[in-house]
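What follows is a set of notes on a single structure, which appears directly below.
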Amino acid sequence: MAKILILGAGIAGHTAASHLRRKLSKEHEVLVVSPNRNYQWVPSNIWVGIGRMKSESIIFPLEPLYKRKGIGFKQAKVVSFHPEGNATESKPYVLVEYVFGENIATQEKVGYDYLINATGPKLAFELTDGLKPGTNKAYSVCTYDHAEHAWNGLKKLIENVKSTGKSAKIVIGTGHPKATCQGAAFEYILNVEKELVRHGVRDKVALTWLSNEYELGDFGMDGMLLSYGKKTMTSSQMVEMVFADRRIKWILGAGVNKIEDGIVSYENLDGEYKTESFDFAMLIPAFSGHGFKAFNKTNEDITEKLFKGFMIVDADYTAKPYENWSVKDWPETYQNPSYANIFAPGIAFAPPHSISKPRKSKNGTDIFPSPPRTGMPSGITAKIVADNIIDIIKNGSKSLEHKGSMGNMGAACIASAGYGMLKGSGISITTFPIVPDYEKYPTTHGRVLFKTFGDIGLAGHWLKLTLHYAFIYKAKMKPFWWLIPE
Amino acid sequence: MTQKISKSDRWLMFNPIFQMFKYIYLSLKILKIVAGGHGGTKDINKQ
């Protein structure tokens, strides 16, 4: 009998738990520890942030589902990792602290045979001075409650413009020089623009995209060369075309360092310090590791064996110049090299380096996007980890047969560009591979052109809506849920 | 130079009949790409 402990119940953690439970007999225990009581389908947060979807439509409580399916659940947060046990515990364990219920604030040692760390990122708002959702007129859409606050702020602005006739300024983008998840901000700015049109106030509101990207359409993936209809264009040209069409201005290479009431301060790649005023802003914070500590059997600190900000896995972390980066640096099995029974899929693994070219300002500040691992890669890597653990338990496999490097994996980004069954719009972008392989595909910017394409239109909105319902169906583990791919 | 979305392109982008076919086409194409498998890079690139 084996016990698999999964830390986190986001896309990666929940995917791993679902597949493990389905494929392993009941004699094996699957236990999820998460501080969150709800599962949330994060990609739909942007619709909550424009008031077109209620948060109840994108979340559901985990405990009743897990009870029905035979998955254990503890609503608790991780305190520390003990992969060798300690003087009194022979088995490895994780120290957790309950955050809800009658045991709140109680700590417990939770043992395991296999550990999946799917704790995702810490939303590090504190790394940018003054950036706190709902203060200084700045908001976030990273969680459903942040998105609700954002909609309240946006609604007030729209009502104010309508009642006073005064002009307003909206800034949307990244709130830290090394923030990632530009895609979410991109979706949000296009949805906000569409809502401003719907409310008849678009002409009164100036919209500005403020981003740490060197070029539009970088998205933390070094941009893309993609096919668009019969044309071939860069993602930069495509996004520029959309922004020009929607009358959205842009400021690039901006490392945001401070937010005050209605003012964002940033440094650009030329080393200039600038400010931009706003009446409403949505800025994505930096994502960081959770700062977990790890200890060995004799209680010595071994954090560096497990973490490098995020969790260390089978990547090549050797420091080397951008020119020497290779797709082979990226992990394939998400297994910790020091402890073979520990895995970290999704955002929880430490990437070997960024995907976008690193750039410094003239003052030496790093200003470039961190690599994205959200959404589809999170689900795929979690399933790979679950399948390898299943093979080990069922067949005693010594090697890990299931592999999936982001350098040999496709992804689809269906970016909503406006809500509405007949007036909505979406920008459908697929890319293969996610991490460009410049050795294999030297003439097409590291990617397969046929599999890397973009499309704009109403169908994109329908696709995004289909994915919303399909993935919530899948997450609720309804009949034949496993037929829906990650 | 910034490319522009032409009037005919815009008409097609919001034409529900055309977009219905596009929806089916995109669904199948995306499914093929994302469900079309994945693998490692270290062994493959050695071949």
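Within each chain, counting starts at residue 1; across the structure tokens, chains are named A, B, ... in the order shown, with ligands numbered 1 upward in that order.
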For chain B, work out the contacting residues on chain A at 9 Å, counting only C-alpha atoms, and write them as a count of residues only.
49
Can you pull out every residue from chain B that DSSP, working from the backbone, puts in alpha helix (DSSP H), and format the result as a list in words?
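Across chain B, those assigned alpha helix (DSSP H) are Lys7, Ser8, Asp9, Arg10, Trp11, Leu12, Met13, Pro16, Ile17, Phe18, Gln19, Met20, Phe21, Lys22, Tyr23, Ile24, Tyr25, Leu26, Ser27, Leu28, Lys29, Ile30, Leu31, Lys32, Ile33 and Val34 of chain B.
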If you count only C-alpha atoms, which residues fall within 9 Å of A:Met311, apart from same-chain ones fewer than 5 positions away, as a PyMOL selection string?
chain A and resi 117+289+305-306+336+343-344+348-351
Would you mind listing what lies within 12 Å of A:Lys398 as a list in words, with only C-alpha atoms counted and same-chain residues fewer than 3 positions away left out?
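After dropping sequence-adjacent residues, the list is Ala340, Asn341, Asn388, Ile389, Ile390, Asp391, Ile392, Ile393, Lys394, Asn395 and Glu401 of chain A.
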Can you tell me how far atom CA of A:Gly420 sits from atom CA of A:Phe450, in Å to one decimal?
29.4 Å
